[in-house]
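File shown here: start-v1.pdb, holding PDB, C-alpha atoms.
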```
MODEL        1
ATOM      1  CA  MET H   1     114.430 167.429  78.531
ATOM      2  CA  ASP H   2     112.291 164.349  79.132
ATOM      3  CA  HIS H   3     113.621 162.168  81.947
ATOM      4  CA  GLU H   4     111.161 159.264  81.725
ATOM      5  CA  VAL H   5     113.887 156.702  80.957
ATOM      6  CA  GLN H   6     115.892 157.758  84.009
ATOM      7  CA  LYS H   7     112.754 157.883  86.148
ATOM      8  CA  ASP H   8     111.908 154.296  85.157
ATOM      9  CA  ALA H   9     115.487 153.212  85.949
ATOM     10  CA  LEU H  10     115.328 154.995  89.314
ATOM     11  CA  LEU H  11     112.006 153.380  90.194
ATOM     12  CA  ARG H  12     113.390 149.935  89.282
ATOM     13  CA  LYS H  13     116.519 150.535  91.390
ATOM     14  CA  ARG H  14     114.424 151.728  94.336
ATOM     15  CA  SER H  15     112.225 148.649  94.066
ATOM     16  CA  GLU H  16     115.292 146.394  93.880
ATOM     17  CA  LEU H  17     116.861 147.989  96.955
ATOM     18  CA  LEU H  18     113.630 147.864  98.938
ATOM     19  CA  SER H  19     112.972 144.229  98.027
ATOM     20  CA  GLU H  20     116.350 143.317  99.505
ATOM     21  CA  GLY H  21     115.114 144.721 102.795
ATOM     22  CA  PRO H  22     117.654 147.413 103.714
ATOM     23  CA  ASN H  23     116.212 147.534 107.232
ATOM     24  CA  LYS H  24     116.279 143.770 107.691
ATOM     25  CA  PRO H  25     118.771 142.929 110.444
ATOM     26  CA  LEU H  26     121.865 140.954 109.595
ATOM     27  CA  GLN H  27     121.922 137.478 110.995
ATOM     28  CA  THR H  28     125.008 137.028 113.092
ATOM     29  CA  PRO H  29     126.157 133.693 114.394
ATOM     30  CA  THR H  30     125.140 132.890 117.937
ATOM     31  CA  GLU H  31     127.561 131.496 120.451
ATOM     32  CA  ASN H  32     126.037 128.033 120.067
ATOM     33  CA  THR H  33     126.791 127.994 116.344
ATOM     34  CA  ARG H  34     130.414 129.123 116.651
ATOM     35  CA  GLN H  35     132.186 126.077 115.400
ATOM     36  CA  GLY H  36     135.462 125.499 113.667
ATOM     37  CA  ASP H  37     138.861 126.887 114.300
ATOM     38  CA  MET H  38     139.775 130.527 114.753
ATOM     39  CA  ALA H  39     140.241 130.975 110.987
ATOM     40  CA  ASP H  40     136.667 129.788 110.360
ATOM     41  CA  GLN H  41     135.351 132.137 113.022
ATOM     42  CA  ALA H  42     137.348 135.055 111.583
ATOM     43  CA  SER H  43     135.999 134.265 108.127
ATOM     44  CA  GLY H  44     132.455 134.364 109.514
ATOM     45  CA  SER H  45     133.143 137.729 111.148
ATOM     46  CA  ASN H  46     134.529 139.089 107.877
ATOM     47  CA  GLU H  47     131.415 137.933 106.022
ATOM     48  CA  VAL H  48     129.161 139.745 108.500
ATOM     49  CA  HIS H  49     131.331 142.877 108.173
ATOM     50  CA  ILE H  50     131.133 142.744 104.359
ATOM     51  CA  ARG H  51     127.355 142.278 104.410
ATOM     52  CA  LEU H  52     127.031 145.227 106.799
ATOM     53  CA  LYS H  53     129.104 147.437 104.468
ATOM     54  CA  LEU H  54     126.944 146.365 101.507
ATOM     55  CA  LYS H  55     123.781 147.256 103.430
ATOM     56  CA  GLN H  56     125.232 150.681 104.262
ATOM     57  CA  THR H  57     126.084 151.233 100.598
ATOM     58  CA  ASP H  58     122.575 150.164  99.559
ATOM     59  CA  ALA H  59     121.087 152.630 102.038
ATOM     60  CA  LYS H  60     123.199 155.459 100.567
ATOM     61  CA  ILE H  61     122.156 154.529  97.030
ATOM     62  CA  LEU H  62     118.504 154.351  98.091
ATOM     63  CA  LYS H  63     118.753 157.860  99.545
ATOM     64  CA  ALA H  64     120.381 159.134  96.330
ATOM     65  CA  VAL H  65     117.635 157.456  94.248
ATOM     66  CA  GLU H  66     114.927 159.101  96.364
ATOM     67  CA  GLU H  67     116.646 162.473  95.972
ATOM     68  CA  ALA H  68     116.906 162.000  92.188
ATOM     69  CA  LEU H  69     113.184 161.192  91.968
ATOM     70  CA  TRP H  70     112.493 164.363  93.952
ATOM     71  CA  ARG H  71     114.690 166.372  91.549
ATOM     72  CA  ILE H  72     112.735 164.986  88.591
ATOM     73  CA  GLU H  73     109.512 166.153  90.234
ATOM     74  CA  ASN H  74     110.807 169.653  91.002
ATOM     75  CA  GLY H  75     112.527 170.123  87.635
ATOM     76  CA  SER H  76     116.151 170.258  88.800
ATOM     77  CA  TYR H  77     117.110 166.742  87.653
ATOM     78  CA  GLY H  78     120.015 166.588  85.217
ATOM     79  CA  ARG H  79     121.771 169.692  86.544
ATOM     80  CA  CYS H  80     125.024 169.396  88.457
ATOM     81  CA  ARG H  81     124.640 170.213  92.144
ATOM     82  CA  ASP H  82     128.088 171.834  92.239
ATOM     83  CA  CYS H  83     128.452 173.850  89.021
ATOM     84  CA  GLY H  84     124.860 174.017  87.741
ATOM     85  CA  GLU H  85     125.779 172.730  84.277
ATOM     86  CA  GLU H  86     123.830 169.972  82.565
ATOM     87  CA  ILE H  87     124.984 166.444  83.377
ATOM     88  CA  ALA H  88     125.831 164.446  80.237
ATOM     89  CA  GLN H  89     123.105 162.068  79.096
ATOM     90  CA  ALA H  90     125.591 159.182  79.052
ATOM     91  CA  ARG H  91     126.373 159.792  82.743
ATOM     92  CA  LEU H  92     122.681 159.971  83.644
ATOM     93  CA  SER H  93     122.068 156.740  81.745
ATOM     94  CA  ALA H  94     124.895 154.997  83.599
ATOM     95  CA  ILE H  95     124.144 156.437  87.052
ATOM     96  CA  PRO H  96     120.655 157.965  87.016
ATOM     97  CA  TRP H  97     120.911 159.008  90.688
ATOM     98  CA  THR H  98     124.103 161.044  90.177
ATOM     99  CA  ARG H  99     124.108 164.593  91.544
ATOM    100  CA  VAL H 100     127.202 165.929  89.796
ATOM    101  CA  CYS H 101     128.689 166.133  86.316
ATOM    102  CA  ILE H 102     131.814 164.166  85.488
ATOM    103  CA  SER H 103     134.070 167.253  85.783
ATOM    104  CA  CYS H 104     132.879 167.987  89.318
ATOM    105  CA  LYS H 105     133.115 164.306  90.250
ATOM    106  CA  GLU H 106     136.725 164.230  89.077
ATOM    107  CA  LYS H 107     137.477 167.317  91.185
ATOM    108  CA  GLN H 108     135.993 165.559  94.241
ATOM    109  CA  SER H 109     138.291 162.561  93.673
ATOM    110  CA  MET H 110     141.440 164.672  93.769
TER     111      MET H 110
ENDMDL
END
```
Rewritten as structure tokens:
Amino acid sequence: MDHEVQKDALLRKRSELLSEGPNKPLQTPTENTRQGDMADQASGSNEVHIRLKLKQTDAKILKAVEEALWRIENGSYGRCRDCGEEIAQARLSAIPWTRVCISCKEKQSM
């Protein structure tokens, strides 16, 4: 099976994630800029927490993208890591870095 479409999608996703600078430090407010009431300060802390979680998620996706590109190169792309069956084309189109078929993914969610 030719995986050029997925490879292009993976390369675009990798480029997108890298351009956002996953290693770029988050800017946190300094003590001099802490203004407003406690609710404002809590809101600022929540925003930093959310951005940190998003960066962690991006790093996980980047790792999965890199692994998928490696699987394309070694010929194992498109096979479920858990059961060894082929992953449906629709699933690969939606999530080209996926490692498992939908059946195995549903089992993981239980």
Decode the PyMOL selection byres ((chain H and resi 76-82) around 9) for the given file into explicit residues and return them as a PDB file with C-alpha atoms, in the frame of the given file.
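To be explicit, this is the file written out as result-v3.pdb:
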```pdb
ATOM      1  CA  MET H   1     114.430 167.429  78.531  1.00  0.00           C
ATOM      2  CA  HIS H   3     113.621 162.168  81.947  1.00  0.00           C
ATOM      3  CA  ALA H  68     116.906 162.000  92.188  1.00  0.00           C
ATOM      4  CA  LEU H  69     113.184 161.192  91.968  1.00  0.00           C
ATOM      5  CA  TRP H  70     112.493 164.363  93.952  1.00  0.00           C
ATOM      6  CA  ARG H  71     114.690 166.372  91.549  1.00  0.00           C
ATOM      7  CA  ILE H  72     112.735 164.986  88.591  1.00  0.00           C
ATOM      8  CA  GLU H  73     109.512 166.153  90.234  1.00  0.00           C
ATOM      9  CA  ASN H  74     110.807 169.653  91.002  1.00  0.00           C
ATOM     10  CA  GLY H  75     112.527 170.123  87.635  1.00  0.00           C
ATOM     11  CA  CYS H  83     128.452 173.850  89.021  1.00  0.00           C
ATOM     12  CA  GLY H  84     124.860 174.017  87.741  1.00  0.00           C
ATOM     13  CA  GLU H  85     125.779 172.730  84.277  1.00  0.00           C
ATOM     14  CA  GLU H  86     123.830 169.972  82.565  1.00  0.00           C
ATOM     15  CA  ILE H  87     124.984 166.444  83.377  1.00  0.00           C
ATOM     16  CA  ALA H  88     125.831 164.446  80.237  1.00  0.00           C
ATOM     17  CA  GLN H  89     123.105 162.068  79.096  1.00  0.00           C
ATOM     18  CA  LEU H  92     122.681 159.971  83.644  1.00  0.00           C
ATOM     19  CA  PRO H  96     120.655 157.965  87.016  1.00  0.00           C
ATOM     20  CA  THR H  98     124.103 161.044  90.177  1.00  0.00           C
ATOM     21  CA  ARG H  99     124.108 164.593  91.544  1.00  0.00           C
ATOM     22  CA  VAL H 100     127.202 165.929  89.796  1.00  0.00           C
ATOM     23  CA  CYS H 101     128.689 166.133  86.316  1.00  0.00           C
ATOM     24  CA  CYS H 104     132.879 167.987  89.318  1.00  0.00           C
TER      25      CYS H 104
END
```
Inset, instruction - Compare H:Ala90, H:Lys7, H:Glu47, H:Glu16 by their minimum atom-to-atom distance to H:Ala59, counting only C-alpha atoms, and give me the closest one. - result: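 Closest to H:Ala59, using only C-alpha atoms: H:Glu16.
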Inset, instruction - Find the distance between atom CA of H:Ser93 and atom CA of H:Ala9 and write it in Å to one decimal. - result: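 Here the two named atoms are 8.6 Å from each other.
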Legend entry - Explicit residue set for the PyMOL selection byres ((chain H and resi 65) around 9), as a ChimeraX atom specification: /H:10-11,13-14,60-64,66-70,96-98
Inset, instruction - Have a look at atom CA of H:Ile102 and atom CA of H:Leu54 and let me know their distance in Å, one decimal. - result: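 Atom-to-atom, atom CA of H:Ile102 and atom CA of H:Leu54 are spaced 24.4 Å apart.
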Legend entry - Distance in Å - atom CA of H:Ser45 versus atom CA of H:Ser15: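 Atom-to-atom, atom CA of H:Ser45 and atom CA of H:Ser15 are spaced 29.1 Å apart.
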